[in-house]
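Please read the structure below before turning to the comments.
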Amino acid sequence: MLFRCTQRFVPLLPLGLVRHFATAEKSALAALRKKTGYTFANCKKALELHGNDPAKAEQWLREQAQAMGWSKATKLEGRSTVQGLIGVLVQRNVGAMVEVNCETDFVARNASFQRFVQTASAACVRHLAHVESDSNLTKVGLNGEALKQIVLDDGKSLGDHLALVIGTVGENATLNRAICFKAPENIQLTGYVHPAPNEEIPLDVPQVGKYGSLVAFRAEQSATGGSEGEDAALVARKVCQHIVGMKPERIGEHGKDEPAADKDDETCLIHQEYLVDPSFTVGEVLEANRLQIIDFQRFECGEKSKSDEQNERAVG
């Protein structure tokens with residue numbers, strides 16, 4: 001009687017080598033998932049297609065996500081995006097505040113979406129750094145279409161990166177607007193977001209929140225050569241916080257703008273009760289600390305933007 005052998009000969013590897021190979025593959029998969037945020041299945045497929053090369057696998061994943069993002073962006077275009085985040089970044093003499101919207105608050109808390117808001121803030125700062133300016137404060141407003149055209153260091157536009165985010169989070173997202181300040185030597189910039197981070201973050205690191213403000217100020221020198229009262233930058237940052245909370249519409253001028261009859265209806269910054277200490281007005285705090293507010297901007301996520309926020313103008 002003849003018997004047919006159906007087993008195949010499989011060469012055995014030393015146990016140590018088998019374990020080493022399995023650990024390396026698992027490690028690469030975990031690292032790729034953590035870095036990109038994509039699913040286990042997609043990361044596994046990417047590594048299998050590219051011989052466990054993490055760099056090639058990541059590039060393939062991003063190309064696939066971007067292609068899917070453009071497709072999803074087309075399908076999802078027009079869907080309401082009233083949630084999202086405000087990003088604020090100040091680096092030396094340039095500051096930017098940008099609003100990026102999405103459909104749900106769940107996505108607004110997504111790490112990939114938050115990183116994109118930070119990327120958009122940094123892109124606006126780099127964009128304005130190349131804009132020529134004079135001795136005045138330069139203020140530039142950017143709408144969604146202008147934001148999409150800004151090119152990043154990797155050669156791709158913000159619009160390309162937005163498509164990548166859409167492909168990752170699976171819902172519509174839009175670049176709404178941005179305001180950028182570029183200050184001469186005698187003017188300083190500061191910014192604030194709310195809710196504020198739990199830990200102190202340097203101003204030159206992008207911050208994100210539901211509300212934001214950007215302030216240009218001048219710190220006058222006292223007769224002794226220094227500034228009086230609290231540190232000028234700290235006071236200006238507190239005024240940023242006040243602007244977020246109290247929604248002033250303009251700075252105001254002493255002797256020209258009279259205080260409102262009802263303090264709760266006050267929209268002039270200098271006449272509003274100081275949020276940090278309501279026993280003073282903002283104007284009194286500024287005077288005591290020898291500060292002058294040159295200009296400010298406030299963003300609230302989901303609010304309708306004013307047309308004058310989209311125009312470029314110089315402020316003396």
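Convention: chains lettered A, B, ... in structure tokens order; per-chain residue numbering from 1; ligands numbered from 1 as shown.
For Asn42 (chain A), the set of protein, DNA and RNA residues having any atom at most 10 Å away, when counting only C-alpha atoms and skipping those fewer than 6 positions along the same chain, is A:Leu29, A:Arg33, A:Glu48, A:Ala57, A:Leu61, A:Gln64.
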Residues just named, written with C-alpha atoms as a JSON list (two decimals), in the first residue's frame:
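Result written to out-v9.json:
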[["chain", "number", "residue", "atom", "x", "y", "z"],
["A", 29, "LEU", "CA", 3.96, 48.01, 14.45],
["A", 33, "ARG", "CA", 0.63, 53.14, 15.27],
["A", 48, "GLU", "CA", 4.00, 44.00, 5.22],
["A", 57, "ALA", "CA", 5.39, 52.29, 5.64],
["A", 61, "LEU", "CA", 0.10, 55.42, 5.00],
["A", 64, "GLN", "CA", -3.14, 56.68, 1.23]]
Exercise for review: Compile the contact shell of Glu284 (chain A) as a PyMOL selection string: residues with an atom at most 10 Å away, counting only C-alpha atoms, same-chain residues fewer than 2 positions apart removed.
Suggested key: chain A and resi 270-274+279-282+286-290
How would the residues just picked look written out with all heavy atoms as a short mmCIF file (atom, residue, chain, number, x, y, z; two decimals), in the first residue's frame?
data_model
loop_
_atom_site.label_atom_id
_atom_site.label_comp_id
_atom_site.auth_asym_id
_atom_site.auth_seq_id
_atom_site.Cartn_x
_atom_site.Cartn_y
_atom_site.Cartn_z
N ILE A 270 -10.84 100.06 27.69
CA ILE A 270 -10.26 100.82 28.80
C ILE A 270 -11.26 101.12 29.90
O ILE A 270 -10.87 101.37 31.05
CB ILE A 270 -9.62 102.13 28.30
CG1 ILE A 270 -10.67 103.03 27.64
CG2 ILE A 270 -8.45 101.84 27.35
CD1 ILE A 270 -10.15 104.43 27.32
N HIS A 271 -12.55 101.09 29.59
CA HIS A 271 -13.57 101.39 30.59
C HIS A 271 -14.17 100.13 31.24
O HIS A 271 -14.96 100.25 32.18
CB HIS A 271 -14.70 102.21 29.97
CG HIS A 271 -14.27 103.58 29.54
ND1 HIS A 271 -13.45 104.38 30.30
CD2 HIS A 271 -14.56 104.31 28.42
CE1 HIS A 271 -13.24 105.53 29.68
NE2 HIS A 271 -13.90 105.50 28.53
N GLN A 272 -13.80 98.96 30.75
CA GLN A 272 -14.34 97.73 31.34
C GLN A 272 -13.68 97.44 32.68
O GLN A 272 -12.51 97.76 32.90
CB GLN A 272 -14.13 96.55 30.40
CG GLN A 272 -15.01 96.55 29.17
CD GLN A 272 -14.79 95.33 28.29
OE1 GLN A 272 -13.69 94.79 28.20
NE2 GLN A 272 -15.85 94.89 27.62
N GLU A 273 -14.44 96.83 33.59
CA GLU A 273 -13.87 96.39 34.86
C GLU A 273 -12.86 95.27 34.58
O GLU A 273 -13.15 94.33 33.84
CB GLU A 273 -14.97 95.88 35.80
CG GLU A 273 -15.88 96.96 36.32
CD GLU A 273 -16.89 96.43 37.33
OE1 GLU A 273 -17.09 95.20 37.37
OE2 GLU A 273 -17.47 97.24 38.06
N TYR A 274 -11.69 95.41 35.17
CA TYR A 274 -10.60 94.47 34.93
C TYR A 274 -10.98 93.09 35.45
O TYR A 274 -11.32 92.93 36.63
CB TYR A 274 -9.34 94.99 35.62
CG TYR A 274 -8.07 94.26 35.32
CD1 TYR A 274 -7.77 93.77 34.05
CD2 TYR A 274 -7.12 94.07 36.33
CE1 TYR A 274 -6.58 93.12 33.79
CE2 TYR A 274 -5.92 93.43 36.08
CZ TYR A 274 -5.66 92.95 34.81
OH TYR A 274 -4.46 92.30 34.56
N SER A 279 -11.98 95.83 40.93
CA SER A 279 -11.93 97.12 41.62
C SER A 279 -11.22 98.17 40.77
O SER A 279 -11.23 99.36 41.12
CB SER A 279 -11.23 96.97 42.98
OG SER A 279 -9.88 96.54 42.81
N PHE A 280 -10.60 97.74 39.69
CA PHE A 280 -9.94 98.65 38.75
C PHE A 280 -10.55 98.49 37.36
O PHE A 280 -11.09 97.42 37.03
CB PHE A 280 -8.44 98.38 38.66
CG PHE A 280 -7.69 98.58 39.94
CD1 PHE A 280 -7.43 97.51 40.79
CD2 PHE A 280 -7.24 99.84 40.30
CE1 PHE A 280 -6.74 97.69 41.96
CE2 PHE A 280 -6.54 100.04 41.48
CZ PHE A 280 -6.30 98.96 42.32
N THR A 281 -10.45 99.52 36.54
CA THR A 281 -10.77 99.38 35.12
C THR A 281 -9.50 98.96 34.39
O THR A 281 -8.38 99.12 34.92
CB THR A 281 -11.28 100.69 34.52
OG1 THR A 281 -10.23 101.68 34.56
CG2 THR A 281 -12.51 101.20 35.27
N VAL A 282 -9.66 98.47 33.19
CA VAL A 282 -8.49 98.08 32.40
C VAL A 282 -7.61 99.31 32.14
O VAL A 282 -6.38 99.23 32.19
CB VAL A 282 -8.92 97.44 31.07
CG1 VAL A 282 -7.70 97.16 30.18
CG2 VAL A 282 -9.67 96.15 31.32
N LEU A 286 -3.64 99.68 32.92
CA LEU A 286 -2.67 100.01 31.88
C LEU A 286 -1.86 101.24 32.26
O LEU A 286 -0.63 101.29 32.09
CB LEU A 286 -3.40 100.25 30.54
CG LEU A 286 -4.07 99.03 29.92
CD1 LEU A 286 -4.87 99.45 28.69
CD2 LEU A 286 -3.06 97.96 29.54
N GLU A 287 -2.54 102.24 32.79
CA GLU A 287 -1.85 103.48 33.19
C GLU A 287 -0.87 103.23 34.32
O GLU A 287 0.26 103.73 34.30
CB GLU A 287 -2.88 104.53 33.60
CG GLU A 287 -2.27 105.89 33.93
CD GLU A 287 -3.31 106.93 34.27
OE1 GLU A 287 -4.52 106.61 34.20
OE2 GLU A 287 -2.92 108.07 34.61
N ALA A 288 -1.28 102.43 35.31
CA ALA A 288 -0.42 102.14 36.46
C ALA A 288 0.83 101.38 36.04
O ALA A 288 1.89 101.52 36.66
CB ALA A 288 -1.19 101.35 37.50
N ASN A 289 0.71 100.58 35.00
CA ASN A 289 1.84 99.76 34.54
C ASN A 289 2.52 100.33 33.30
O ASN A 289 3.35 99.66 32.69
CB ASN A 289 1.37 98.33 34.27
CG ASN A 289 1.03 97.58 35.53
OD1 ASN A 289 1.91 97.01 36.19
ND2 ASN A 289 -0.24 97.57 35.91
N ARG A 290 2.13 101.57 32.93
CA ARG A 290 2.75 102.28 31.80
C ARG A 290 2.70 101.44 30.53
O ARG A 290 3.69 101.28 29.82
CB ARG A 290 4.18 102.68 32.14
CG ARG A 290 4.30 103.51 33.41
CD ARG A 290 5.75 103.87 33.72
NE ARG A 290 6.29 104.77 32.72
CZ ARG A 290 6.16 106.12 32.76
NH1 ARG A 290 5.49 106.69 33.74
NH2 ARG A 290 6.70 106.87 31.83
#
Point to revise | strand (DSSP E or B) per DSSP on the backbone: members of region 155-306 of chain A, as a VMD selection string | key: chain A and resid 157 173 to 182 188 to 194 207 to 209 211 to 219 250 268 273 281 291 to 300
Practice item. With a distance cut-off of 8 Å and only C-alpha atoms, select the neighbouring residues of region 98-107 of chain A, excluding the residue or stretch itself and same-chain residues fewer than 2 positions from it, and output the selection as a ChimeraX atom specification. Key: /A:79-88,96,109-110,113,117,120-121,169,171-179,299,301-302
Next, the residues of the selection above should be written as a CSV table (one decimal), in the first residue's frame with N, CA, C and O atoms.
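Written output follows (part_35.csv):
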chain,number,residue,atom,x,y,z
A,79,ARG,N,-20.9,70.0,4.7
A,79,ARG,CA,-21.4,69.6,6.0
A,79,ARG,C,-20.9,70.6,7.0
A,79,ARG,O,-19.8,71.1,7.0
A,80,SER,N,-21.8,71.0,7.9
A,80,SER,CA,-21.6,72.1,8.9
A,80,SER,C,-20.4,71.8,9.8
A,80,SER,O,-20.2,70.6,10.3
A,81,THR,N,-19.5,72.8,10.0
A,81,THR,CA,-18.4,72.6,10.9
A,81,THR,C,-18.4,73.8,11.9
A,81,THR,O,-17.8,74.8,11.6
A,82,VAL,N,-19.1,73.6,12.9
A,82,VAL,CA,-19.3,74.7,13.9
A,82,VAL,C,-18.4,74.4,15.2
A,82,VAL,O,-18.3,75.3,16.0
A,83,GLN,N,-17.8,73.2,15.3
A,83,GLN,CA,-16.9,72.9,16.4
A,83,GLN,C,-15.5,73.2,15.9
A,83,GLN,O,-15.3,73.6,14.8
A,84,GLY,N,-14.5,72.9,16.7
A,84,GLY,CA,-13.1,73.1,16.3
A,84,GLY,C,-12.3,73.8,17.4
A,84,GLY,O,-12.6,73.7,18.6
A,85,LEU,N,-11.2,74.4,17.0
A,85,LEU,CA,-10.2,75.0,17.9
A,85,LEU,C,-9.6,76.3,17.4
A,85,LEU,O,-9.6,76.5,16.1
A,86,ILE,N,-9.2,77.1,18.3
A,86,ILE,CA,-8.4,78.3,18.0
A,86,ILE,C,-6.9,78.0,18.3
A,86,ILE,O,-6.6,77.5,19.4
A,87,GLY,N,-6.0,78.3,17.4
A,87,GLY,CA,-4.6,78.2,17.7
A,87,GLY,C,-3.9,79.5,17.7
A,87,GLY,O,-4.2,80.4,16.9
A,88,VAL,N,-3.1,79.7,18.7
A,88,VAL,CA,-2.4,81.0,18.9
A,88,VAL,C,-0.9,80.7,19.1
A,88,VAL,O,-0.5,79.8,19.8
A,96,ALA,N,0.3,84.9,15.4
A,96,ALA,CA,-0.8,84.4,14.6
A,96,ALA,C,-1.8,83.8,15.4
A,96,ALA,O,-1.5,83.1,16.4
A,109,ARG,N,-11.1,67.2,20.0
A,109,ARG,CA,-10.2,66.6,21.1
A,109,ARG,C,-9.3,65.6,20.5
A,109,ARG,O,-8.4,65.1,21.3
A,110,ASN,N,-9.4,65.3,19.2
A,110,ASN,CA,-8.5,64.3,18.6
A,110,ASN,C,-7.1,64.9,18.5
A,110,ASN,O,-6.9,66.0,18.1
A,113,PHE,N,-6.1,66.2,15.0
A,113,PHE,CA,-6.7,67.5,14.7
A,113,PHE,C,-6.0,68.6,15.4
A,113,PHE,O,-5.7,69.6,14.8
A,117,VAL,N,-4.0,72.0,14.0
A,117,VAL,CA,-4.2,73.4,14.4
A,117,VAL,C,-2.9,74.1,14.7
A,117,VAL,O,-2.6,75.2,14.4
A,120,ALA,N,-1.0,74.7,11.5
A,120,ALA,CA,-1.6,75.9,10.8
A,120,ALA,C,-1.1,77.2,11.5
A,120,ALA,O,-0.8,78.2,10.8
A,121,SER,N,-1.1,77.2,12.8
A,121,SER,CA,-0.6,78.4,13.5
A,121,SER,C,0.9,78.7,13.1
A,121,SER,O,1.2,79.9,12.8
A,169,VAL,N,-9.5,61.6,10.5
A,169,VAL,CA,-10.6,61.7,11.5
A,169,VAL,C,-12.0,61.3,11.0
A,169,VAL,O,-12.9,61.0,11.7
A,171,GLU,N,-14.3,63.0,9.3
A,171,GLU,CA,-15.4,64.0,9.1
A,171,GLU,C,-14.9,65.3,8.6
A,171,GLU,O,-13.6,65.5,8.5
A,172,ASN,N,-15.8,66.1,8.1
A,172,ASN,CA,-15.4,67.4,7.5
A,172,ASN,C,-14.6,68.3,8.4
A,172,ASN,O,-14.9,68.3,9.6
A,173,ALA,N,-13.6,69.0,7.9
A,173,ALA,CA,-12.9,70.0,8.6
A,173,ALA,C,-12.5,71.1,7.7
A,173,ALA,O,-12.3,70.9,6.5
A,174,THR,N,-12.5,72.3,8.2
A,174,THR,CA,-12.2,73.5,7.3
A,174,THR,C,-11.2,74.4,8.0
A,174,THR,O,-11.2,74.6,9.2
A,175,LEU,N,-10.4,75.1,7.2
A,175,LEU,CA,-9.6,76.2,7.6
A,175,LEU,C,-10.5,77.4,7.5
A,175,LEU,O,-10.9,77.8,6.4
A,176,ASN,N,-10.8,78.1,8.6
A,176,ASN,CA,-11.8,79.2,8.6
A,176,ASN,C,-11.1,80.5,8.3
A,176,ASN,O,-11.4,81.2,7.3
A,177,ARG,N,-10.2,80.9,9.2
A,177,ARG,CA,-9.7,82.3,9.1
A,177,ARG,C,-8.4,82.4,10.0
A,177,ARG,O,-8.2,81.5,10.8
A,178,ALA,N,-7.7,83.4,9.8
A,178,ALA,CA,-6.5,83.7,10.6
A,178,ALA,C,-6.2,85.2,10.7
A,178,ALA,O,-6.6,85.9,9.7
A,179,ILE,N,-5.6,85.6,11.7
A,179,ILE,CA,-5.2,87.0,11.8
A,179,ILE,C,-3.7,87.0,12.3
A,179,ILE,O,-3.4,86.2,13.2
A,299,PHE,N,-10.8,85.8,18.9
A,299,PHE,CA,-11.5,84.8,18.2
A,299,PHE,C,-12.3,83.9,19.1
A,299,PHE,O,-11.8,83.5,20.2
A,301,CYS,N,-14.4,80.3,18.7
A,301,CYS,CA,-14.7,79.2,17.8
A,301,CYS,C,-16.1,79.1,17.4
A,301,CYS,O,-17.0,79.1,18.3
A,302,GLY,N,-16.4,79.1,16.1
A,302,GLY,CA,-17.8,79.0,15.6
A,302,GLY,C,-18.5,80.3,15.4
A,302,GLY,O,-19.6,80.3,14.8
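Of the listed residues (A:Ile166, A:Ala111, A:Gly283, A:Gly252), A:Gly252 comes nearest to Cys268 (chain A); the distances count only C-alpha atoms.
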What's around Gly212 (chain A) at 6 Å? Count only C-alpha atoms, leave out sequence neighbours fewer than 2 positions away in its own chain, and write the answer as a short mmCIF file (atom, residue, chain, number, x, y, z; two decimals) with C-alpha atoms, in the first residue's frame.
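That gives us around01.cif:
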data_model
loop_
_atom_site.label_atom_id
_atom_site.label_comp_id
_atom_site.auth_asym_id
_atom_site.auth_seq_id
_atom_site.Cartn_x
_atom_site.Cartn_y
_atom_site.Cartn_z
CA TYR A 192 -3.78 83.68 25.18
CA VAL A 193 -6.17 80.73 24.72
CA ARG A 298 -10.35 88.06 19.72
CA PHE A 299 -11.53 84.77 18.18
#
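The space between CA of Ala30 (chain A) and CA of Pro197 (chain A) spans 28.4 Å.
As for CA of His127 (chain A) and CA of Pro206 (chain A), they are spaced 15.1 Å apart.
Interatomic distance, CA of Glu220 (chain A) against CA of Ile187 (chain A): 10.1 Å.
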For Gln149 (chain A), please output as an mmCIF file with C-alpha atoms, in the first residue's frame all residues within 8 Å (counting only C-alpha atoms; exclusion window: fewer than 6 positions along the same chain).
data_model
loop_
_atom_site.group_PDB
_atom_site.id
_atom_site.type_symbol
_atom_site.label_atom_id
_atom_site.label_comp_id
_atom_site.auth_asym_id
_atom_site.auth_seq_id
_atom_site.Cartn_x
_atom_site.Cartn_y
_atom_site.Cartn_z
ATOM 1 C CA SER A 157 0.201 73.104 1.245
ATOM 2 C CA LEU A 158 -2.002 73.497 4.298
ATOM 3 C CA GLY A 159 -4.807 72.293 2.037
#
Check your understanding: Quick one: residues within 10 Å of Asn186 (chain A), only C-alpha atoms counted, chain neighbours fewer than 6 positions away excluded, as an MDAnalysis selection string?
Key -> chainID A and resid 93 135:137 217:220
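When only C-alpha atoms are used to measure the gap to Pro195 (chain A), the shortest distance among A:Cys180, A:Val244, A:Ala260, A:Val215 belongs to A:Val244.
Proximity to Lys26 (chain A) at 10 Å, evaluated using only C-alpha atoms and with sequence-adjacent residues fewer than 5 positions away removed, yields A:Phe21, A:Ala31, A:Leu32, A:Lys44, A:Asn52.
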Would you put the residues from that selection into a file with N, CA and C atoms, as a PDB file, in the first residue's frame?
ATOM      1  N   PHE A  21      12.852  38.102  15.731  1.00  0.00           N
ATOM      2  CA  PHE A  21      12.124  38.590  14.554  1.00  0.00           C
ATOM      3  C   PHE A  21      10.716  39.049  14.945  1.00  0.00           C
ATOM      4  N   ALA A  31       5.236  51.179  17.214  1.00  0.00           N
ATOM      5  CA  ALA A  31       5.812  52.512  16.990  1.00  0.00           C
ATOM      6  C   ALA A  31       5.089  53.237  15.862  1.00  0.00           C
ATOM      7  N   LEU A  32       4.756  52.517  14.812  1.00  0.00           N
ATOM      8  CA  LEU A  32       4.082  53.132  13.668  1.00  0.00           C
ATOM      9  C   LEU A  32       2.678  53.587  14.050  1.00  0.00           C
ATOM     10  N   LYS A  44      -0.279  47.414   9.958  1.00  0.00           N
ATOM     11  CA  LYS A  44       0.234  46.069   9.664  1.00  0.00           C
ATOM     12  C   LYS A  44       0.396  45.868   8.160  1.00  0.00           C
ATOM     13  N   ASN A  52       8.681  45.719   6.495  1.00  0.00           N
ATOM     14  CA  ASN A  52       8.912  46.213   7.856  1.00  0.00           C
ATOM     15  C   ASN A  52       9.816  47.441   7.908  1.00  0.00           C
TER      16      ASN A  52
END
Could you tell me, as a short mmCIF file (atom, residue, chain, number, x, y, z; two decimals) with N, CA and C atoms, in the first residue's frame, which residues of region 65-249 of chain A DSSP assigns to helix (DSSP H, G or I) when given the backbone?
data_model
loop_
_atom_site.label_atom_id
_atom_site.label_comp_id
_atom_site.auth_asym_id
_atom_site.auth_seq_id
_atom_site.Cartn_x
_atom_site.Cartn_y
_atom_site.Cartn_z
N ALA A 65 -3.81 58.03 3.13
CA ALA A 65 -4.73 58.85 3.92
C ALA A 65 -5.04 60.16 3.21
N GLN A 66 -4.02 60.74 2.56
CA GLN A 66 -4.25 61.99 1.87
C GLN A 66 -5.17 61.78 0.67
N ALA A 67 -4.93 60.70 -0.06
CA ALA A 67 -5.80 60.39 -1.21
C ALA A 67 -7.24 60.17 -0.74
N MET A 68 -7.36 59.43 0.37
CA MET A 68 -8.69 59.20 0.94
C MET A 68 -9.27 60.51 1.46
N GLY A 69 -8.37 61.37 2.00
CA GLY A 69 -8.83 62.64 2.53
C GLY A 69 -9.42 63.53 1.47
N TRP A 70 -8.77 63.61 0.31
CA TRP A 70 -9.31 64.42 -0.78
C TRP A 70 -10.65 63.87 -1.21
N SER A 71 -10.77 62.53 -1.26
CA SER A 71 -12.05 61.92 -1.63
C SER A 71 -13.12 62.24 -0.60
N LYS A 72 -12.75 62.10 0.69
CA LYS A 72 -13.71 62.38 1.75
C LYS A 72 -14.04 63.87 1.80
N ALA A 73 -13.03 64.72 1.55
CA ALA A 73 -13.26 66.16 1.58
C ALA A 73 -14.31 66.55 0.54
N THR A 74 -14.23 65.92 -0.63
CA THR A 74 -15.21 66.20 -1.69
C THR A 74 -16.59 65.74 -1.28
N LYS A 75 -16.66 64.54 -0.69
CA LYS A 75 -17.95 63.99 -0.28
C LYS A 75 -18.55 64.76 0.90
N LEU A 76 -17.69 65.20 1.82
CA LEU A 76 -18.17 65.84 3.04
C LEU A 76 -18.30 67.35 2.93
N ASP A 105 -17.31 68.04 18.61
CA ASP A 105 -16.34 68.32 19.67
C ASP A 105 -15.45 67.12 19.92
N PHE A 106 -15.95 65.93 19.61
CA PHE A 106 -15.15 64.71 19.76
C PHE A 106 -13.89 64.79 18.90
N VAL A 107 -14.04 65.23 17.65
CA VAL A 107 -12.88 65.37 16.77
C VAL A 107 -11.98 66.51 17.21
N ALA A 108 -12.57 67.58 17.76
CA ALA A 108 -11.76 68.70 18.25
C ALA A 108 -10.79 68.26 19.35
N ALA A 111 -6.09 64.05 18.79
CA ALA A 111 -4.70 64.50 18.77
C ALA A 111 -4.25 64.92 17.38
N SER A 112 -4.67 64.20 16.34
CA SER A 112 -4.29 64.55 14.97
C SER A 112 -4.87 65.91 14.58
N PHE A 113 -6.11 66.17 14.97
CA PHE A 113 -6.73 67.46 14.67
C PHE A 113 -6.01 68.59 15.41
N GLN A 114 -5.68 68.37 16.67
CA GLN A 114 -5.00 69.40 17.44
C GLN A 114 -3.61 69.70 16.89
N ARG A 115 -2.91 68.66 16.44
CA ARG A 115 -1.59 68.88 15.83
C ARG A 115 -1.72 69.71 14.56
N PHE A 116 -2.80 69.48 13.80
CA PHE A 116 -2.99 70.26 12.58
C PHE A 116 -3.23 71.73 12.91
N VAL A 117 -3.99 72.02 13.96
CA VAL A 117 -4.22 73.41 14.36
C VAL A 117 -2.90 74.07 14.74
N GLN A 118 -2.05 73.34 15.43
CA GLN A 118 -0.72 73.86 15.77
C GLN A 118 0.12 74.09 14.51
N THR A 119 0.03 73.15 13.57
CA THR A 119 0.75 73.29 12.31
C THR A 119 0.28 74.51 11.55
N ALA A 120 -1.03 74.75 11.52
CA ALA A 120 -1.58 75.90 10.82
C ALA A 120 -1.11 77.21 11.46
N SER A 121 -1.06 77.24 12.79
CA SER A 121 -0.59 78.44 13.50
C SER A 121 0.86 78.74 13.13
N ALA A 122 1.70 77.71 13.16
CA ALA A 122 3.11 77.90 12.83
C ALA A 122 3.29 78.31 11.36
N ALA A 123 2.46 77.76 10.48
CA ALA A 123 2.54 78.11 9.06
C ALA A 123 2.20 79.57 8.84
N CYS A 124 1.23 80.09 9.57
CA CYS A 124 0.86 81.50 9.46
C CYS A 124 1.99 82.41 9.93
N VAL A 125 2.64 82.01 11.02
CA VAL A 125 3.77 82.81 11.53
C VAL A 125 4.89 82.85 10.50
N ARG A 126 5.23 81.70 9.92
CA ARG A 126 6.29 81.67 8.90
C ARG A 126 5.89 82.48 7.68
N HIS A 127 4.61 82.42 7.32
CA HIS A 127 4.12 83.16 6.16
C HIS A 127 4.29 84.66 6.36
N LEU A 128 3.90 85.15 7.54
CA LEU A 128 3.98 86.59 7.78
C LEU A 128 5.41 87.07 7.99
N ALA A 129 6.28 86.17 8.43
CA ALA A 129 7.68 86.56 8.64
C ALA A 129 8.32 87.04 7.34
N GLY A 144 -10.13 81.30 4.48
CA GLY A 144 -9.87 79.87 4.33
C GLY A 144 -9.11 79.51 3.07
N GLU A 145 -9.48 80.13 1.94
CA GLU A 145 -8.80 79.82 0.68
C GLU A 145 -7.35 80.25 0.71
N ALA A 146 -7.07 81.42 1.29
CA ALA A 146 -5.68 81.88 1.39
C ALA A 146 -4.87 80.96 2.30
N LEU A 147 -5.47 80.48 3.37
CA LEU A 147 -4.78 79.57 4.28
C LEU A 147 -4.41 78.26 3.58
N LYS A 148 -5.30 77.75 2.75
CA LYS A 148 -5.04 76.48 2.06
C LYS A 148 -3.81 76.57 1.15
N LEU A 158 -1.12 73.75 3.17
CA LEU A 158 -2.00 73.50 4.30
C LEU A 158 -3.25 72.75 3.84
N GLY A 159 -3.67 73.02 2.59
CA GLY A 159 -4.81 72.29 2.04
C GLY A 159 -4.53 70.80 1.92
N ASP A 160 -3.29 70.45 1.54
CA ASP A 160 -2.91 69.04 1.47
C ASP A 160 -2.95 68.40 2.85
N HIS A 161 -2.42 69.11 3.84
CA HIS A 161 -2.41 68.59 5.20
C HIS A 161 -3.83 68.50 5.77
N LEU A 162 -4.69 69.42 5.37
CA LEU A 162 -6.08 69.36 5.81
C LEU A 162 -6.75 68.09 5.28
N ALA A 163 -6.48 67.77 4.03
CA ALA A 163 -7.03 66.53 3.44
C ALA A 163 -6.55 65.31 4.21
N LEU A 164 -5.30 65.34 4.65
CA LEU A 164 -4.75 64.24 5.43
C LEU A 164 -5.50 64.09 6.75
N VAL A 165 -5.82 65.23 7.38
CA VAL A 165 -6.57 65.20 8.64
C VAL A 165 -7.98 64.64 8.41
N ILE A 166 -8.63 65.08 7.34
CA ILE A 166 -9.99 64.60 7.03
C ILE A 166 -9.98 63.09 6.83
N GLY A 167 -8.94 62.61 6.14
CA GLY A 167 -8.83 61.17 5.93
C GLY A 167 -8.60 60.41 7.22
N THR A 168 -7.97 61.07 8.20
CA THR A 168 -7.68 60.42 9.48
C THR A 168 -8.89 60.42 10.41
N VAL A 169 -9.55 61.59 10.54
CA VAL A 169 -10.64 61.71 11.52
C VAL A 169 -11.99 61.28 10.96
N ALA A 232 5.66 93.93 32.48
CA ALA A 232 4.81 94.40 31.38
C ALA A 232 4.21 93.25 30.59
N ALA A 233 5.01 92.25 30.28
CA ALA A 233 4.53 91.13 29.48
C ALA A 233 3.45 90.34 30.24
N LEU A 234 3.62 90.22 31.56
CA LEU A 234 2.63 89.49 32.37
C LEU A 234 1.30 90.25 32.40
N VAL A 235 1.36 91.57 32.58
CA VAL A 235 0.14 92.37 32.58
C VAL A 235 -0.55 92.29 31.23
N ALA A 236 0.23 92.39 30.15
CA ALA A 236 -0.35 92.32 28.80
C ALA A 236 -1.03 90.97 28.58
N ARG A 237 -0.44 89.91 29.12
CA ARG A 237 -1.04 88.58 28.98
C ARG A 237 -2.35 88.49 29.76
N LYS A 238 -2.40 89.14 30.92
CA LYS A 238 -3.64 89.18 31.70
C LYS A 238 -4.72 89.98 30.97
N VAL A 239 -4.30 91.02 30.25
CA VAL A 239 -5.25 91.78 29.43
C VAL A 239 -5.78 90.90 28.30
N CYS A 240 -4.92 90.04 27.78
CA CYS A 240 -5.37 89.04 26.78
C CYS A 240 -6.47 88.18 27.35
N GLN A 241 -6.25 87.73 28.58
CA GLN A 241 -7.24 86.90 29.26
C GLN A 241 -8.54 87.68 29.45
N HIS A 242 -8.42 88.95 29.81
CA HIS A 242 -9.60 89.81 29.98
C HIS A 242 -10.36 89.93 28.67
N ILE A 243 -9.66 90.11 27.57
CA ILE A 243 -10.30 90.27 26.26
C ILE A 243 -11.10 89.03 25.89
N VAL A 244 -10.55 87.87 26.19
CA VAL A 244 -11.29 86.62 25.92
C VAL A 244 -12.58 86.58 26.73
N GLY A 245 -12.49 86.96 28.01
CA GLY A 245 -13.64 86.85 28.88
C GLY A 245 -14.69 87.94 28.72
N MET A 246 -14.26 89.17 28.38
CA MET A 246 -15.17 90.32 28.40
C MET A 246 -15.57 90.84 27.02
#
